[in-house]
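Trainee: So that we are looking at the same thing, I have put the structure below in structure tokens.
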Amino acid sequence: MKQSSGDFLGVPGYWTLEDLALAGKVVMFECVHCGHTEILDIAALASRHGPQTRVNFFKRNMACSRCGKTGMHGEGD
Ligand SMILES: [Zn+2]
């Protein structure tokens, strides 16, 4: 099974929030700093950032709700 290096959160990094919503995909945030995990609220993120926001955007910009730092797991490492 070929693994694209652009995959993130189990989907291709070019997917948008709208794609996730249409696919009914449940995605998990995992903070690289404190290990906090939470289910991402796709609908809330879409209304805040726009449904065409790519999932790769969140790899760099998603802040942890516990420690406030940015950076999250999701590349299968
Ligand atoms: Zn954290």
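Following the order of the structure tokens, chains are lettered A, B, ..., residues in each are numbered from 1, and ligands are numbered from 1.
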Write as a list in words the residues around ligand 1, taking 7 Å as the cut-off and counting only C-alpha atoms and all ligand atoms.

Mentor: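 These are the residues that qualify: Cys31, Val32, His33, Cys34, Gly35, His36, Cys64, Ser65, Arg66, Cys67, Gly68 and Lys69 of chain A.
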
Trainee: Report as a count of residues only all protein, DNA and RNA residues lying within 12 Å of A:Leu22, evaluated on only C-alpha atoms, omitting residues in the same chain fewer than 4 positions from it.

Mentor: 8

Trainee: Please indicate the distance in Å from atom CA of A:His49 to atom CA of A:Ala23, rounded to one decimal place.

Mentor: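 That distance, rounded to one decimal, is 18.6 Å.
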
Trainee: Can you tell me, as a PDB file with C-alpha atoms, in the first residue's frame, what residues are no more than 10 Å from stretch 52-58 of chain A when counting only C-alpha atoms, ignoring any on the same chain fewer than 6 positions away?

Mentor:
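That gives us out-v2.pdb:
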ATOM      1  CA  GLY A   6       1.558  14.367   2.156  1.00  0.00           C
ATOM      2  CA  ASP A   7      -0.955  12.378   4.147  1.00  0.00           C
ATOM      3  CA  PHE A   8      -2.152  13.948   7.347  1.00  0.00           C
ATOM      4  CA  LEU A   9      -4.746  12.754   9.845  1.00  0.00           C
ATOM      5  CA  VAL A  11      -6.339  11.666   4.610  1.00  0.00           C
ATOM      6  CA  PRO A  12      -4.368  13.388   1.817  1.00  0.00           C
ATOM      7  CA  GLY A  13      -3.043  16.767   2.983  1.00  0.00           C
ATOM      8  CA  TYR A  14      -4.732  18.549   0.100  1.00  0.00           C
ATOM      9  CA  TRP A  15      -8.164  17.567   1.380  1.00  0.00           C
ATOM     10  CA  THR A  16     -10.297  20.446   2.576  1.00  0.00           C
ATOM     11  CA  LEU A  17     -12.576  20.677   5.600  1.00  0.00           C
ATOM     12  CA  GLU A  18     -15.456  20.308   3.193  1.00  0.00           C
ATOM     13  CA  ASP A  19     -13.982  17.021   1.922  1.00  0.00           C
ATOM     14  CA  LEU A  20     -13.715  15.743   5.476  1.00  0.00           C
ATOM     15  CA  PHE A  29      -5.873  16.074  17.140  1.00  0.00           C
ATOM     16  CA  LEU A  45     -13.452  24.695  12.009  1.00  0.00           C
ATOM     17  CA  ALA A  46     -15.109  25.103   8.625  1.00  0.00           C
ATOM     18  CA  THR A  70       1.041  24.590  17.920  1.00  0.00           C
ATOM     19  CA  GLY A  71       2.160  21.305  16.430  1.00  0.00           C
ATOM     20  CA  MET A  72       0.316  18.057  16.163  1.00  0.00           C
TER      21      MET A  72
END

Trainee: Determine which residues of stretch 36-68 of chain A receive a DSSP assignment of strand (DSSP E or B), computed from the backbone, and state them as a VMD selection string.

Mentor: chain A and resid 37 to 39 54 63

Trainee: Would you output that residue set with N, CA and C atoms, as a PDB file, in the first residue's frame?

Mentor:
ATOM      1  N   THR A  37      -5.238  14.825  23.407  1.00  0.00           N
ATOM      2  CA  THR A  37      -5.969  14.437  22.205  1.00  0.00           C
ATOM      3  C   THR A  37      -7.401  14.934  22.282  1.00  0.00           C
ATOM      4  N   GLU A  38      -7.940  15.262  21.136  1.00  0.00           N
ATOM      5  CA  GLU A  38      -9.344  15.629  21.069  1.00  0.00           C
ATOM      6  C   GLU A  38      -9.834  15.420  19.641  1.00  0.00           C
ATOM      7  N   ILE A  39     -11.134  15.136  19.522  1.00  0.00           N
ATOM      8  CA  ILE A  39     -11.758  14.997  18.208  1.00  0.00           C
ATOM      9  C   ILE A  39     -11.966  16.396  17.634  1.00  0.00           C
ATOM     10  N   ARG A  54      -7.396  23.696   3.713  1.00  0.00           N
ATOM     11  CA  ARG A  54      -6.796  22.369   3.584  1.00  0.00           C
ATOM     12  C   ARG A  54      -6.361  21.844   4.941  1.00  0.00           C
ATOM     13  N   ALA A  63      -3.643  25.077  17.374  1.00  0.00           N
ATOM     14  CA  ALA A  63      -3.110  25.221  18.717  1.00  0.00           C
ATOM     15  C   ALA A  63      -3.797  24.256  19.670  1.00  0.00           C
TER      16      ALA A  63
END

Trainee: Write down as a list of chain:residue names the residues of chain A whose backbone DSSP state falls under alpha helix (DSSP H).

Mentor: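 Alpha helix (DSSP H) assignments inside chain A correspond to A:Leu17, A:Glu18, A:Asp19, A:Leu20, A:Ala21, A:Leu22, A:Ala23, A:Ile42, A:Ala43, A:Ala44, A:Leu45, A:Ala46, A:Ser47, A:Arg48, A:His49, A:Val55, A:Asn56, A:Phe57, A:Phe58, A:Lys59, A:Arg60, A:Asn61.
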
Trainee: Would you output that residue set with C-alpha atoms, as a compact mmCIF listing (two decimals), in the first residue's frame?

Mentor:
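part-v9.txt, freshly written:
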# COMPACT_ATOMS: atom_id res chain seq x y z
CA LEU A 17 -12.58 20.68 5.60
CA GLU A 18 -15.46 20.31 3.19
CA ASP A 19 -13.98 17.02 1.92
CA LEU A 20 -13.71 15.74 5.48
CA ALA A 21 -17.32 16.68 6.20
CA LEU A 22 -18.59 15.04 3.02
CA ALA A 23 -16.60 11.88 3.76
CA ILE A 42 -14.94 19.85 11.47
CA ALA A 43 -18.13 21.92 11.22
CA ALA A 44 -16.84 24.47 13.72
CA LEU A 45 -13.45 24.69 12.01
CA ALA A 46 -15.11 25.10 8.62
CA SER A 47 -17.28 27.97 9.81
CA ARG A 48 -14.28 29.64 11.42
CA HIS A 49 -11.60 29.13 8.76
CA VAL A 55 -6.06 19.93 6.37
CA ASN A 56 -2.33 20.63 5.96
CA PHE A 57 -3.02 24.13 7.25
CA PHE A 58 -3.80 22.70 10.68
CA LYS A 59 -0.56 20.78 10.89
CA ARG A 60 1.24 24.07 11.44
CA ASN A 61 -1.49 26.31 12.79
